[in-house]
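Below: the structure, in structure tokens.
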Amino acid sequence: MGFLSTLLGIFGFGIGTSIGLLIGFFLFIYSKPKTVKEPVPRPLYELDNDQLLDILPDIPLWVKCPDYERVDWLNKFVADMWPYLDKAICAQIRSATEPMFAEYVGKYQIEAIEFDNLSLGTIPPEIHGLKVCETNEKELVLEPAVRWAGNPNIVLTLKLLSFRINVQLLDLQIFMAPRITLKPLVPTFPCFATVAVSLLWKPDVDFGMSILGGDIMAIPGLYQFVQKTIKRQLASLYIWPQALEIPILDPATVAVKKPVGILHVKVVRAQKLLKKDILGTSDPYVKLNLSGERLPSKKTTIKKRNLNPEWNEKFKLIVKDPGSQVLQLQVFDWDKVGNHDRLGMQFVPLKFLTPYETKEFKLDLLKHTDSYDPQDKKQRGKIVVELMYAPFRADSGKLEGTQDGYSRKESGFDRTSDSEVFGGAGLLSVLIQGAEDVEGERHNNPYAVVFFRGETKRTKMIKRTRDPLWNEEFHYMLEEPPLNEKIHIEVMSKRTGFSFRSKEHLGNVDINLTDVVHNGRINQKYHLIDSKNGVIHVAIKWVTA
């Protein structure tokens with residue numbers, strides 16, 4: 001009995017994995033009665049209550065549930081593609097199960113385990129309804145109800161000493177509800193980078209198993225044992241929140257670099273700068289920025305008539321790729337009239353910095369980036385800076401997922417005390433994703449304006465639409481968490497031609513940032529004040545270094 005249990009466990013494990021791969025790659029299930037007789041159609045009014053209850057599970061979900069759609073066109077597509085899908089899926093099953101079977105070779109006198117026949121048959125799966133779920137994330141979620149009652153030809157052969165034992169799968173039937181997530185949505189065909197597949201609940205699997213010509217599933221206890229083995233295997237692989245992720249696009253081609261840390265810069269001093277003014281002095285100041293950024297450069301104060309200025313001024317810059325970004329330092333001579341003369345420049349690659357370790361650099365100023373220029377032998381002075389790179393904490397964003405639905409005020413759940421919230425400097429990221437049903441009286445060319453701590457930032461204008469999609473992100477470097485503060489967002493419309501009343505207010509919202517600090521992140525749609533039906537979609541994140 002021990003060997004037989006092991007044999008059934010191996011086969012159940014392999015079949016469970018095979019079924020899981022089938023679900024993960026093609027996400028279909030089909031159900032037909034096992035009888036070989038043609039069904040006899042009967043009107044529903046001829047059936048009694050017991051007969052109606054018996055057929056209720058077989059009624060498609062698009063009939064019973066209004067949020068499920070009928071997808072006959074997709075079933076026709078699957079039926080036409082099934083001969084090719086069959087071969088592709090079976091090839092994937094073979095490659096996935098070979099290392100699993102290899103673990104059992106050598107145990108219990110087993111010499112080899114291999115598929116003698118592996119085909120999913122001629123009957124394709126069928127989708128009995130498809131539900132499309134909306135979320136606040138950049139993703140598309142599909143939930144098909146899938147059934148499959150196929151005629152597969154799956155024979156597993158075990159070589160035991162000098163014997164060959166054939167195990168055949170019979171009358172396979174599966175019913176399950178996978179969740180398919182296409183994420184993230186990107187502007188590169190096919191417009192999503194990954195397919196994630198998970199199961200909402202344990203699937204219903206029914207089958208027979210023949211060994212040496214007899215159906216051993218009729219033996220008491222064995223059927224339940226194999227059923228539990230298969231369901232346990234499927235649950236360990238794909239039951240939500242676990243998922244099978246299938247990459248579609250190369251991450252390097254669709255990746256949008258996000259802030260990963262803060263670069264603390266202290267411009268200490270400069271020495272022996274060039275004389276650019278008539279009186280033999282200069283009025284120096286320093287511009288600094290990171291490569292790959294379109295943000296305005298940071299600037300120190302101007303030190304009048306000084307060739308050895310002392311600044312001791314501190315700045316914070318947002319880092320997106322410490323492995324490739326470079327800090328650019330440029331020293332200029334300020335002039336009241338005309339262009340400012342550049343006294344020299346230098347670069348510091350961030351890859352030379354150790355996180356959380358302050359490092360001082362004394363750099364010779366160069367004329368330009370080509371340090372090997374033989375004509376650039378003129379001494380231009382030195383600049384001294386102190387740098388420290390602080391990556392964001394991995395646990396800064398405490399909230400994963402989204403808050404669905406609409407709201408005009410913040411949630412009222414219990415929060416931890418302010419002393420328990422991560423303090424110190426951090427980055428507030430505000431993503432204005434889009435708006436819905438924003439309508440002006442005279443024109444609809446909406447754009448969003450963000451007001452926070454005296455700063456005003458605006459998105460691009462989208463012409464002639466009531467449902468604009470901006471997907472623009474703004475960053476705020478803060479010295480402390482924005483507790484008990486609000487961010488004000490207005491949606492405006494602007495006439496493209498000349499007019500005395502060119503701007504129009506379409507709605508506004510105030511968002512309390514306390515939830516953002518405590519949760520790390522919010523992603524929500526807000527009803528716009530002073531708008532009939534307008535809604536704006538905003539995602540805000542707070543991370544600390």
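By order of appearance in the structure tokens: chains A, B, ..., then residues from 1 within every chain, and ligands from 1 in the order shown.
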
From range 16-172 of chain A, collect each residue whose DSSP state is alpha helix (DSSP H) and return the set as a ChimeraX atom specification.
/A:16-26,49-55,61-64,72-102

Suppose we keep C-alpha atoms; can you now write the selection as a PDB file, in the first residue's frame?
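Listing of out-v6.pdb after writing:
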```pdb
ATOM      1  CA  GLY A  16      -1.743  18.671 -10.690  1.00  0.00           C
ATOM      2  CA  THR A  17       1.263  20.512 -12.061  1.00  0.00           C
ATOM      3  CA  SER A  18       0.142  19.842 -15.622  1.00  0.00           C
ATOM      4  CA  ILE A  19      -3.339  21.148 -14.922  1.00  0.00           C
ATOM      5  CA  GLY A  20      -1.842  24.180 -13.194  1.00  0.00           C
ATOM      6  CA  LEU A  21       0.337  24.982 -16.196  1.00  0.00           C
ATOM      7  CA  LEU A  22      -2.667  24.536 -18.429  1.00  0.00           C
ATOM      8  CA  ILE A  23      -4.603  27.065 -16.359  1.00  0.00           C
ATOM      9  CA  GLY A  24      -1.719  29.460 -16.152  1.00  0.00           C
ATOM     10  CA  PHE A  25      -1.104  29.585 -19.872  1.00  0.00           C
ATOM     11  CA  PHE A  26      -4.532  29.335 -21.401  1.00  0.00           C
ATOM     12  CA  ASN A  49     -38.009  21.864  -9.018  1.00  0.00           C
ATOM     13  CA  ASP A  50     -35.538  19.026  -8.477  1.00  0.00           C
ATOM     14  CA  GLN A  51     -34.665  18.883 -12.170  1.00  0.00           C
ATOM     15  CA  LEU A  52     -34.164  22.656 -12.304  1.00  0.00           C
ATOM     16  CA  LEU A  53     -31.807  22.507  -9.317  1.00  0.00           C
ATOM     17  CA  ASP A  54     -29.827  19.742 -11.028  1.00  0.00           C
ATOM     18  CA  ILE A  55     -29.167  21.788 -14.171  1.00  0.00           C
ATOM     19  CA  LEU A  61     -22.623  32.608 -15.714  1.00  0.00           C
ATOM     20  CA  TRP A  62     -23.597  35.188 -18.335  1.00  0.00           C
ATOM     21  CA  VAL A  63     -27.165  33.975 -17.841  1.00  0.00           C
ATOM     22  CA  LYS A  64     -27.110  34.017 -14.029  1.00  0.00           C
ATOM     23  CA  ASP A  72     -18.988  33.094 -28.100  1.00  0.00           C
ATOM     24  CA  TRP A  73     -16.440  34.727 -30.390  1.00  0.00           C
ATOM     25  CA  LEU A  74     -13.643  33.818 -27.992  1.00  0.00           C
ATOM     26  CA  ASN A  75     -14.808  30.209 -27.757  1.00  0.00           C
ATOM     27  CA  LYS A  76     -14.803  30.019 -31.560  1.00  0.00           C
ATOM     28  CA  PHE A  77     -11.249  31.367 -31.571  1.00  0.00           C
ATOM     29  CA  VAL A  78     -10.119  28.774 -28.995  1.00  0.00           C
ATOM     30  CA  ALA A  79     -11.809  25.953 -30.930  1.00  0.00           C
ATOM     31  CA  ASP A  80      -9.969  26.887 -34.136  1.00  0.00           C
ATOM     32  CA  MET A  81      -6.648  27.266 -32.316  1.00  0.00           C
ATOM     33  CA  TRP A  82      -7.004  24.173 -30.140  1.00  0.00           C
ATOM     34  CA  PRO A  83      -4.913  21.738 -32.290  1.00  0.00           C
ATOM     35  CA  TYR A  84      -1.980  24.141 -32.064  1.00  0.00           C
ATOM     36  CA  LEU A  85      -2.569  25.047 -28.420  1.00  0.00           C
ATOM     37  CA  ASP A  86      -2.654  21.345 -27.577  1.00  0.00           C
ATOM     38  CA  LYS A  87       0.876  20.783 -28.901  1.00  0.00           C
ATOM     39  CA  ALA A  88       2.248  23.944 -27.323  1.00  0.00           C
ATOM     40  CA  ILE A  89       0.771  23.201 -23.878  1.00  0.00           C
ATOM     41  CA  CYS A  90       1.916  19.580 -23.917  1.00  0.00           C
ATOM     42  CA  ALA A  91       5.463  20.633 -24.779  1.00  0.00           C
ATOM     43  CA  GLN A  92       5.431  23.013 -21.812  1.00  0.00           C
ATOM     44  CA  ILE A  93       4.053  20.301 -19.510  1.00  0.00           C
ATOM     45  CA  ARG A  94       6.813  17.885 -20.538  1.00  0.00           C
ATOM     46  CA  SER A  95       9.570  20.407 -19.846  1.00  0.00           C
ATOM     47  CA  ALA A  96       8.066  21.380 -16.484  1.00  0.00           C
ATOM     48  CA  THR A  97       7.465  17.851 -15.168  1.00  0.00           C
ATOM     49  CA  GLU A  98      10.780  16.254 -16.222  1.00  0.00           C
ATOM     50  CA  PRO A  99      12.776  17.654 -13.257  1.00  0.00           C
ATOM     51  CA  MET A 100       9.909  16.744 -10.898  1.00  0.00           C
ATOM     52  CA  PHE A 101       9.855  13.128 -12.053  1.00  0.00           C
ATOM     53  CA  ALA A 102      13.660  12.966 -11.889  1.00  0.00           C
TER      54      ALA A 102
END
```

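Proximity ranking of A:Glu455, A:Lys257, A:Lys299, A:Val438 relative to His527 in chain A places A:Val438 first, based on only C-alpha atoms.
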
Any idea what's packed within 12 Å of Gln271 in chain A, counting only C-alpha atoms, ignoring anything in its chain fewer than 6 positions away? Could you give it as a ChimeraX atom specification?
/A:282,284,306-311,331,343-344,362-365,379-385

Might you pull out every residue within 9 Å of Arg179 in chain A, with only C-alpha atoms counted and same-chain residues fewer than 2 positions away left off, and present them as an NGL selection string?
:A and (27 or 141-144 or 177 or 181 or 196-200 or 240)

Tell me, which residues of range 417-504 of chain A carry DSSP strand (DSSP E or B), written as an NGL selection string?
:A and (426-436 or 446-452 or 455-458 or 469-478 or 486-494 or 503-504)

Between CA of Gly292 in chain A and CA of Ile540 in chain A, what distance in Å does the model show, to one decimal?
23.2 Å

Env of Asn471 in chain A: 8 Å cut, atoms = only C-alpha atoms, seq-sep filter 4 positions within chain, self excluded. Answer as a ChimeraX atom specification.
/A:431-434

Store the residues picked out above in a file with N, CA and C atoms, as a PDB file, in the first residue's frame.
```pdb
ATOM      1  N   LEU A 431       0.864  61.642  -8.306  1.00  0.00           N
ATOM      2  CA  LEU A 431       0.595  61.214  -9.672  1.00  0.00           C
ATOM      3  C   LEU A 431      -0.843  61.588 -10.033  1.00  0.00           C
ATOM      4  N   ILE A 432      -0.982  62.506 -10.983  1.00  0.00           N
ATOM      5  CA  ILE A 432      -2.305  62.886 -11.491  1.00  0.00           C
ATOM      6  C   ILE A 432      -2.584  61.997 -12.694  1.00  0.00           C
ATOM      7  N   GLN A 433      -3.415  60.980 -12.482  1.00  0.00           N
ATOM      8  CA  GLN A 433      -3.630  60.001 -13.546  1.00  0.00           C
ATOM      9  C   GLN A 433      -4.644  60.476 -14.584  1.00  0.00           C
ATOM     10  N   GLY A 434      -5.773  60.999 -14.146  1.00  0.00           N
ATOM     11  CA  GLY A 434      -6.773  61.447 -15.104  1.00  0.00           C
ATOM     12  C   GLY A 434      -8.026  61.916 -14.411  1.00  0.00           C
TER      13      GLY A 434
END
```

Considering only C-alpha atoms, return as a PyMOL selection string whatever protein or nucleic-acid residues lie within 8 Å of range 489-493 of chain A, sequence-local ones (same chain, fewer than 3 positions apart) excluded.
chain A and resi 440+443-451+461+503-510

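Take the candidates A:Gln328, A:Thr300, A:Thr188, A:Asn484 and check each one against Pro251 in chain A using only C-alpha atoms; the shortest distance goes to A:Thr188.
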
Find the residues around Phe115 in chain A up to 7 Å (only C-alpha atoms counted), leave out those fewer than 4 positions away in its own chain, and share them as a VMD selection string.
chain A and resid 155 to 157
